[in-house]
Amino acid sequence: MALGLTTTASITKKTSVAFFIKEGKPQFGVKSKELSSLTQKGLGQLVKLEAKGSSTATFLGEDSPSAVAQIKAIPGLDESEEIRMAAYNLGLELKKQGLIKTVILVSDISSSNFTAVVEGLLFAQYSFDTHKSAKSKALPIQWKVAISETAKKELTAVFKSTSKIIAGVETTRDLVNEPGGSLTPQIFVKRIQQTFKDDSRITLKVRNKAQLEKEGFNGLLTVGRGGINPPVMVTINYKPKKVSPAAKGTKLGLVGKGVTFDTGGISLKPPGTMWEMRMDMGGAGTVIGAMQAIADLDLPIPVVAVVCLTENRPGVDAVLPGDIFTAKNGKTIQVENTDAEGRLILTDGLAEAGLQKATHIIDLATLTGAIIRAIGMSITGLFSNNEELADKITQAGAKSGEKFWRLPLDMEYRASLDDKVADMKNIGGDAGSITAGLFLQEFVPENTPWAHLDIAGTAFTTKPWKYYNWGATGWGVRSLVNLTEELARDKNSKNK
Ligand code: BES
Ligand code: ZN
Ligand code: ZN
């Protein structure tokens with residue numbers, strides 16, 4: 001990340017300036033005071049970008065303008081989201097034109113739209129080049145966003161917090177993009193330790209296989225049996241120095257599915273798109289990125305994150321279809337299909353969140369292919385036993401352009417999980433994502449508001465989508481941070 005902040009007053013050198021304008025003002029650019037004063041100073045190239053409507057960016061060269069970075073208005077997206085995309089396209093264009101030292105002038109803009117500008121530019125800077133011999137990150141990008149003196153205080157705070165949140169998103173993307181062979185459960189643990197090192201507010205508890213056995217976390221052990229690299233559970237406790245009055249008595253629990261590679265196990269997946277299953281630790285990756293941002297922002301609310309890390313492989317000792325194990329809460333489960341492994345490891349994650357006394361639990365998982373068939377790749381499936389929590393999550397998503405759609409945990413489908421020999425089996429009937437949610441619900445600690453987010457469609461993209469190029473999106477980090485902020489927000493305070 002190389003994005004800085006400056007004020008219009010400090011733009012004096014001859015430099016490239018991208019001019020970004022708030023929504024739909026027809027007279028933008030030419031009549032703007034800032035712009036004319038900049039042109040008087042003889043500043044070089046100007047990029048005008050209209051955020052609304054057909055969102056066209058125009059380069060003004062010496063004389064004649066040449067059009068670049070066109071984005072089309074996409075029905076169903078709100079204004080901030082269009083601005084995010086416009087800023088992203090502007091960023092890509094600046095990169096393409098080699099304008100690595102650029103000032104982007106932002107004028108007359110609300111905090112939420114400014115957040116969108118910063119996010120879009122930072123998304124344009126992201127690339128996963130760990131395994132490339134030519135590192136694009138080595139490009140000395142030095143973009144600065146210029147704001148007016150009057151807006152300095154407010155927008156500086158927004159800039160700082162947005163940068164921290166996007167750093168969390170990048171942590172998630174780097175983890176999720178990593179192939180299964182180079183991100184084993186053990187390497188994942190090292191990355192977590194690295195992320196949270198030297199932070200006295202954070203304690204890590206790492207349970208290895210022997211400890212999982214001792215404590216009866218059998219879901220993770222059952223799935224991990226076929227792997228070469230043993231399963232691990234990591235619990236991350238964040239205890240802020242100060243807890244806001246609104247957050248007194250609240251402890252948010254975030255639980256993540258961390259299957260570092262999902263071959264399907266003995267119920268082997270077809271080879272065609274199996275490589276994508278590197279992203280099956282997307283839930284765990286999202287939880288880690290969100291936790292990083294929550295701690296960086298010093299949010300005044302206790303949060304515990306639990307990630308269940310394992311491979312799902314057909315090894316010599318791999319769990320067989322039909323095998324039965326006893327989950328942490330005492331229920332017996334017949335593993336009818338070893339490819340429905342996410343729900344098995346989450347039985348342990350949910351149990352651990354309960355042991356950690358989480359008052360609200362949200363689990364994130366790339367859980368079912370069925371969610372993609374139901375609602376596609378742009379929307380996350382939301383399941384919850386609590387109206388208020390479900391609404392808060394949806395609202396938190398709307399603030400960051402991340403869409404959720406709530407699906408029912410209809411008890412009529414619960415019977416399809418009944419088994420002949422065990423208490424339950426791990427696959428149900430037709431409504432694959434709903435039965436997966438109903439399965440998880442059986443393992444939620446009693447009387448705890450809980451939500452399950454099925455991010456199978458949204459965590460990873462194989463084609464350019466909005467402000468994502470290819471691969472891991474880090475989808476959900478921004479929503480989780482917004483939600484955590486909301487849970488900590490004192491209702492009588494002036495800050496919204
Ligand atoms: N990790 C997959 C779900 C998935 C599919 C994530 C596509 C991302 C993209 C999960 O473990 C799985 O294999 N689920 C099965 C469940 C079935 C066996 C009941 C599925 O969705 O096919
Ligand atoms: Zn699977
Ligand atoms: Zn899976």
# chains A, B, ... in the order shown; residues from 1 in each chain; ligands from 1
>>> residues_around(residues="segment 457-461 of chain A", least_positions_apart="5", cutoff="6 Å", atoms="only C-alpha atoms", output="NGL selection string")
:A and (372 or 377-378 or 470-473 or 475)
>>> write_last_selection(atoms="C-alpha atoms", output="mmCIF file, in the first residue's frame")
data_model
loop_
_atom_site.group_PDB
_atom_site.id
_atom_site.type_symbol
_atom_site.label_atom_id
_atom_site.label_comp_id
_atom_site.auth_asym_id
_atom_site.auth_seq_id
_atom_site.Cartn_x
_atom_site.Cartn_y
_atom_site.Cartn_z
ATOM 1 C CA ILE A 372 -23.677 -20.104 -5.623
ATOM 2 C CA MET A 377 -21.247 -14.950 -6.872
ATOM 3 C CA SER A 378 -22.077 -11.383 -5.772
ATOM 4 C CA TRP A 470 -8.723 -12.077 -9.903
ATOM 5 C CA GLY A 471 -8.641 -14.362 -6.897
ATOM 6 C CA ALA A 472 -9.346 -13.648 -3.268
ATOM 7 C CA THR A 473 -11.583 -10.662 -2.595
ATOM 8 C CA TRP A 475 -15.014 -10.043 1.048
#
>>> closest_atom_pairs(of="chain A", to="ligand 2", cutoff="6 Å", atoms="only C-alpha atoms and all ligand atoms", output="Markdown table")
| residue | atom | partner | partner_atom_place_in_ligand_line | distance |
| --- | --- | --- | --- | --- |
| A:Asp262 | CA | ligand 2 | 1 (Zn) | 5.6 |
| A:Gly264 | CA | ligand 2 | 1 (Zn) | 4.7 |
| A:Asp339 | CA | ligand 2 | 1 (Zn) | 3.5 |
| A:Ala340 | CA | ligand 2 | 1 (Zn) | 4.7 |
| A:Glu341 | CA | ligand 2 | 1 (Zn) | 5.3 |
>>> closest_residue(among="A:Leu268, A:Leu367, A:Val481, A:Val335", to="ligand 1", atoms="only C-alpha atoms and all ligand atoms")
A:Leu367
>>> residues_around(residues="Phe443 of chain A", least_positions_apart="6", cutoff="10 Å", atoms="only C-alpha atoms", output="short mmCIF file (atom, residue, chain, number, x, y, z; two decimals) with C-alpha atoms, in the first residue's frame")
data_model
loop_
_atom_site.label_atom_id
_atom_site.label_comp_id
_atom_site.auth_asym_id
_atom_site.auth_seq_id
_atom_site.Cartn_x
_atom_site.Cartn_y
_atom_site.Cartn_z
CA ALA A 327 -18.89 -33.89 18.44
CA LYS A 328 -17.76 -31.66 21.30
CA ASN A 329 -21.35 -31.12 22.47
CA GLY A 330 -21.98 -34.88 22.68
CA LYS A 331 -24.01 -35.35 19.49
CA ARG A 343 -19.74 -28.07 8.95
CA LEU A 344 -17.85 -30.81 10.82
CA LEU A 346 -17.28 -25.73 12.61
CA THR A 347 -18.92 -27.86 15.33
CA ASP A 348 -15.63 -27.37 17.19
CA GLY A 349 -15.28 -23.70 16.31
CA LEU A 350 -18.78 -22.96 17.62
CA ALA A 351 -18.12 -24.97 20.78
CA GLY A 354 -19.06 -20.81 23.59
#
>>> residues_around(residues="Gln211 of chain A", least_positions_apart="6", cutoff="12 Å", atoms="only C-alpha atoms", output="ChimeraX atom specification")
/A:205,217-218,220-221,230-234
>>> write_last_selection(atoms="N, CA and C atoms", output="compact mmCIF listing (two decimals), in the first residue's frame")
# COMPACT_ATOMS: atom_id res chain seq x y z
N LYS A 205 -4.10 -18.77 21.50
CA LYS A 205 -4.05 -20.13 22.01
C LYS A 205 -4.05 -21.07 20.82
N PHE A 217 -12.18 -32.30 20.53
CA PHE A 217 -12.58 -31.52 19.35
C PHE A 217 -12.55 -32.46 18.14
N ASN A 218 -13.54 -33.32 18.08
CA ASN A 218 -13.46 -34.45 17.13
C ASN A 218 -13.86 -34.12 15.70
N LEU A 220 -12.78 -31.49 13.92
CA LEU A 220 -11.52 -31.10 13.30
C LEU A 220 -10.61 -32.33 13.13
N LEU A 221 -10.58 -33.18 14.14
CA LEU A 221 -9.74 -34.38 14.07
C LEU A 221 -10.23 -35.35 13.00
N PRO A 230 -1.15 -31.96 10.19
CA PRO A 230 -2.23 -32.16 11.17
C PRO A 230 -3.09 -30.92 11.39
N PRO A 231 -4.32 -31.14 11.86
CA PRO A 231 -5.24 -30.02 12.12
C PRO A 231 -4.83 -29.20 13.34
N VAL A 232 -5.23 -27.95 13.35
CA VAL A 232 -4.93 -27.03 14.45
C VAL A 232 -6.14 -26.13 14.69
N MET A 233 -6.34 -25.75 15.94
CA MET A 233 -7.34 -24.71 16.22
C MET A 233 -6.62 -23.54 16.87
N VAL A 234 -6.92 -22.35 16.37
CA VAL A 234 -6.30 -21.15 16.96
C VAL A 234 -7.41 -20.25 17.51
>>> residues_near_ligand(ligand="ligand 1", cutoff="9 Å", atoms="only C-alpha atoms and all ligand atoms", output="number ranges by chain")
A: 259, 261-264, 267, 269, 273-274, 276-277, 279-281, 312, 336-343, 365-372, 426-429, 432-433, 435-436, 454-460
>>> residues_around(residues="Tyr467 of chain A", least_positions_apart="4", cutoff="10 Å", atoms="only C-alpha atoms", output="PyMOL selection string")
chain A and resi 81+84-89+92+119-124+473
>>> closest_residue(among="A:Arg478, A:His452, A:Arg278, A:Arg207", to="ligand 3", atoms="only C-alpha atoms and all ligand atoms")
A:Arg278
>>> residues_around(residues="Glu402 of chain A", least_positions_apart="5", cutoff="9 Å", atoms="only C-alpha atoms", output="list in words")
Ser378, Ile379, Thr380, Thr394, Ala396, Gly397, Trp475, Gly476, Arg478 and Ser479 of chain A
>>> select_by_dssp(residues="segment 258-362 of chain A", states="helix (DSSP H, G or I)", output="PyMOL selection string")
chain A and resi 274-296+342-355
>>> write_last_selection(atoms="N, CA and C atoms", output="short mmCIF file (atom, residue, chain, number, x, y, z; two decimals), in the first residue's frame")
data_model
loop_
_atom_site.label_atom_id
_atom_site.label_comp_id
_atom_site.auth_asym_id
_atom_site.auth_seq_id
_atom_site.Cartn_x
_atom_site.Cartn_y
_atom_site.Cartn_z
N MET A 274 -10.94 -28.07 -9.08
CA MET A 274 -10.50 -28.40 -7.72
C MET A 274 -9.43 -27.42 -7.21
N TRP A 275 -8.62 -26.90 -8.13
CA TRP A 275 -7.56 -25.97 -7.71
C TRP A 275 -8.12 -24.78 -6.93
N GLU A 276 -9.38 -24.43 -7.23
CA GLU A 276 -9.98 -23.28 -6.53
C GLU A 276 -10.12 -23.52 -5.04
N MET A 277 -10.06 -24.79 -4.64
CA MET A 277 -10.31 -25.13 -3.24
C MET A 277 -9.18 -24.72 -2.30
N ARG A 278 -8.19 -24.01 -2.84
CA ARG A 278 -7.23 -23.30 -2.00
C ARG A 278 -7.96 -22.24 -1.17
N MET A 279 -9.11 -21.80 -1.70
CA MET A 279 -9.83 -20.72 -1.02
C MET A 279 -10.77 -21.22 0.06
N ASP A 280 -10.68 -22.53 0.37
CA ASP A 280 -11.64 -23.08 1.32
C ASP A 280 -11.30 -22.73 2.78
N MET A 281 -10.25 -21.93 2.92
CA MET A 281 -9.95 -21.37 4.25
C MET A 281 -10.38 -19.89 4.27
N GLY A 282 -11.26 -19.54 3.32
CA GLY A 282 -11.71 -18.14 3.20
C GLY A 282 -12.35 -17.60 4.47
N GLY A 283 -13.10 -18.43 5.17
CA GLY A 283 -13.73 -17.98 6.41
C GLY A 283 -12.67 -17.61 7.44
N ALA A 284 -11.70 -18.51 7.60
CA ALA A 284 -10.62 -18.26 8.57
C ALA A 284 -9.81 -17.03 8.15
N GLY A 285 -9.53 -16.92 6.85
CA GLY A 285 -8.77 -15.78 6.35
C GLY A 285 -9.49 -14.47 6.61
N THR A 286 -10.79 -14.47 6.44
CA THR A 286 -11.58 -13.25 6.65
C THR A 286 -11.60 -12.86 8.12
N VAL A 287 -11.72 -13.86 8.97
CA VAL A 287 -11.73 -13.61 10.41
C VAL A 287 -10.38 -13.00 10.86
N ILE A 288 -9.29 -13.51 10.30
CA ILE A 288 -7.96 -12.98 10.68
C ILE A 288 -7.80 -11.54 10.20
N GLY A 289 -8.19 -11.27 8.95
CA GLY A 289 -8.08 -9.90 8.43
C GLY A 289 -8.94 -8.93 9.22
N ALA A 290 -10.14 -9.37 9.58
CA ALA A 290 -11.05 -8.50 10.34
C ALA A 290 -10.47 -8.23 11.73
N MET A 291 -9.93 -9.28 12.33
CA MET A 291 -9.36 -9.15 13.68
C MET A 291 -8.17 -8.17 13.65
N GLN A 292 -7.36 -8.28 12.62
CA GLN A 292 -6.22 -7.36 12.48
C GLN A 292 -6.71 -5.91 12.44
N ALA A 293 -7.73 -5.66 11.63
CA ALA A 293 -8.26 -4.30 11.50
C ALA A 293 -8.91 -3.84 12.80
N ILE A 294 -9.66 -4.72 13.44
CA ILE A 294 -10.34 -4.37 14.70
C ILE A 294 -9.30 -3.95 15.75
N ALA A 295 -8.21 -4.72 15.83
CA ALA A 295 -7.15 -4.39 16.80
C ALA A 295 -6.43 -3.10 16.40
N ASP A 296 -6.15 -2.95 15.10
CA ASP A 296 -5.46 -1.74 14.62
C ASP A 296 -6.28 -0.49 14.88
N GLY A 342 -16.80 -28.86 6.01
CA GLY A 342 -16.74 -27.55 6.69
C GLY A 342 -17.60 -27.53 7.94
N ARG A 343 -18.81 -28.06 7.82
CA ARG A 343 -19.74 -28.07 8.95
C ARG A 343 -19.21 -28.91 10.10
N LEU A 344 -18.39 -29.93 9.76
CA LEU A 344 -17.85 -30.81 10.82
C LEU A 344 -16.82 -30.06 11.66
N ILE A 345 -15.95 -29.33 11.00
CA ILE A 345 -14.93 -28.61 11.78
C ILE A 345 -15.56 -27.42 12.51
N LEU A 346 -16.63 -26.88 11.95
CA LEU A 346 -17.28 -25.73 12.61
C LEU A 346 -18.00 -26.13 13.90
N THR A 347 -18.33 -27.43 14.04
CA THR A 347 -18.92 -27.86 15.33
C THR A 347 -17.94 -27.51 16.45
N ASP A 348 -16.65 -27.68 16.17
CA ASP A 348 -15.63 -27.37 17.19
C ASP A 348 -15.43 -25.86 17.35
N GLY A 349 -15.45 -25.15 16.24
CA GLY A 349 -15.28 -23.70 16.31
C GLY A 349 -16.41 -23.05 17.11
N LEU A 350 -17.62 -23.51 16.89
CA LEU A 350 -18.78 -22.96 17.62
C LEU A 350 -18.68 -23.31 19.10
N ALA A 351 -18.26 -24.55 19.38
CA ALA A 351 -18.12 -24.97 20.78
C ALA A 351 -17.07 -24.11 21.49
N GLU A 352 -15.96 -23.88 20.81
CA GLU A 352 -14.88 -23.08 21.41
C GLU A 352 -15.34 -21.63 21.63
N ALA A 353 -16.10 -21.08 20.70
CA ALA A 353 -16.61 -19.71 20.89
C ALA A 353 -17.48 -19.66 22.15
N GLY A 354 -18.24 -20.72 22.38
CA GLY A 354 -19.06 -20.81 23.59
C GLY A 354 -18.18 -20.90 24.84
N LEU A 355 -17.15 -21.72 24.79
CA LEU A 355 -16.23 -21.85 25.94
C LEU A 355 -15.55 -20.52 26.25
#
>>> select_by_dssp(residues="segment 243-380 of chain A", states="strand (DSSP E or B)", output="ChimeraX atom specification")
/A:252-262,303-312,324-326,332-334,360-365,379-380
>>> write_last_selection(atoms="N, CA and C atoms", output="compact mmCIF listing (two decimals), in the first residue's frame")
# COMPACT_ATOMS: atom_id res chain seq x y z
N LEU A 252 -17.86 -10.35 21.14
CA LEU A 252 -18.18 -10.85 19.80
C LEU A 252 -17.31 -12.05 19.47
N GLY A 253 -17.92 -13.11 18.98
CA GLY A 253 -17.17 -14.30 18.59
C GLY A 253 -17.19 -14.47 17.08
N LEU A 254 -16.01 -14.57 16.47
CA LEU A 254 -15.92 -14.78 15.02
C LEU A 254 -15.29 -16.15 14.78
N VAL A 255 -15.97 -16.98 14.04
CA VAL A 255 -15.50 -18.34 13.82
C VAL A 255 -15.27 -18.54 12.33
N GLY A 256 -14.12 -19.11 11.95
CA GLY A 256 -13.82 -19.26 10.53
C GLY A 256 -13.48 -20.67 10.11
N LYS A 257 -14.08 -21.08 8.99
CA LYS A 257 -13.72 -22.38 8.38
C LYS A 257 -12.36 -22.22 7.71
N GLY A 258 -11.42 -23.06 8.10
CA GLY A 258 -10.08 -22.94 7.54
C GLY A 258 -9.60 -24.25 6.94
N VAL A 259 -10.27 -24.70 5.87
CA VAL A 259 -9.80 -25.90 5.18
C VAL A 259 -8.75 -25.43 4.17
N THR A 260 -7.50 -25.71 4.47
CA THR A 260 -6.42 -25.13 3.66
C THR A 260 -6.41 -25.70 2.24
N PHE A 261 -6.95 -26.91 2.09
CA PHE A 261 -7.28 -27.40 0.75
C PHE A 261 -8.35 -28.47 0.88
N ASP A 262 -9.38 -28.34 0.04
CA ASP A 262 -10.51 -29.27 0.10
C ASP A 262 -10.55 -30.13 -1.16
N VAL A 303 -13.32 -9.04 21.49
CA VAL A 303 -13.64 -9.93 20.37
C VAL A 303 -12.80 -11.20 20.50
N VAL A 304 -13.41 -12.33 20.24
CA VAL A 304 -12.63 -13.57 20.19
C VAL A 304 -12.82 -14.19 18.81
N ALA A 305 -11.70 -14.59 18.23
CA ALA A 305 -11.77 -15.25 16.92
C ALA A 305 -11.30 -16.69 17.07
N VAL A 306 -11.98 -17.59 16.40
CA VAL A 306 -11.60 -19.00 16.45
C VAL A 306 -11.45 -19.49 15.01
N VAL A 307 -10.29 -20.00 14.65
CA VAL A 307 -10.15 -20.56 13.31
C VAL A 307 -9.79 -22.04 13.40
N CYS A 308 -10.51 -22.83 12.60
CA CYS A 308 -10.31 -24.28 12.58
C CYS A 308 -9.56 -24.60 11.30
N LEU A 309 -8.32 -25.06 11.45
CA LEU A 309 -7.45 -25.23 10.28
C LEU A 309 -7.17 -26.71 10.02
N THR A 310 -7.43 -27.14 8.82
CA THR A 310 -7.15 -28.54 8.46
C THR A 310 -7.13 -28.71 6.95
N GLU A 311 -6.51 -29.80 6.53
CA GLU A 311 -6.64 -30.22 5.13
C GLU A 311 -7.81 -31.18 5.04
N ASN A 312 -8.37 -31.34 3.85
CA ASN A 312 -9.36 -32.39 3.63
C ASN A 312 -8.86 -33.23 2.46
N ILE A 324 -18.64 -42.67 12.01
CA ILE A 324 -19.38 -41.87 13.00
C ILE A 324 -18.41 -41.33 14.04
N PHE A 325 -18.61 -40.08 14.41
CA PHE A 325 -17.81 -39.52 15.52
C PHE A 325 -18.72 -38.73 16.45
N THR A 326 -18.19 -38.44 17.65
CA THR A 326 -18.96 -37.67 18.63
C THR A 326 -18.43 -36.25 18.69
N THR A 332 -23.75 -37.36 18.16
CA THR A 332 -23.01 -38.24 17.27
C THR A 332 -23.39 -37.93 15.81
N ILE A 333 -22.38 -37.97 14.94
CA ILE A 333 -22.57 -37.57 13.54
C ILE A 333 -22.04 -38.65 12.59
N GLN A 334 -22.88 -39.05 11.66
CA GLN A 334 -22.44 -39.97 10.61
C GLN A 334 -21.96 -39.15 9.42
N HIS A 360 -22.21 -13.10 21.18
CA HIS A 360 -22.76 -13.13 19.83
C HIS A 360 -21.75 -13.91 18.98
N ILE A 361 -22.24 -14.80 18.15
CA ILE A 361 -21.29 -15.58 17.33
C ILE A 361 -21.63 -15.42 15.85
N ILE A 362 -20.59 -15.15 15.07
CA ILE A 362 -20.75 -15.12 13.61
C ILE A 362 -19.74 -16.09 13.01
N ASP A 363 -20.23 -17.06 12.27
CA ASP A 363 -19.27 -17.92 11.59
C ASP A 363 -19.24 -17.58 10.10
N LEU A 364 -18.05 -17.69 9.53
CA LEU A 364 -17.87 -17.44 8.10
C LEU A 364 -17.27 -18.68 7.47
N ALA A 365 -17.86 -19.09 6.35
CA ALA A 365 -17.38 -20.33 5.74
C ALA A 365 -17.69 -20.38 4.25
N ILE A 379 -23.36 -12.19 -3.89
CA ILE A 379 -24.11 -12.02 -2.65
C ILE A 379 -23.75 -13.15 -1.68
N THR A 380 -23.62 -12.78 -0.42
CA THR A 380 -23.33 -13.78 0.61
C THR A 380 -24.62 -14.26 1.26
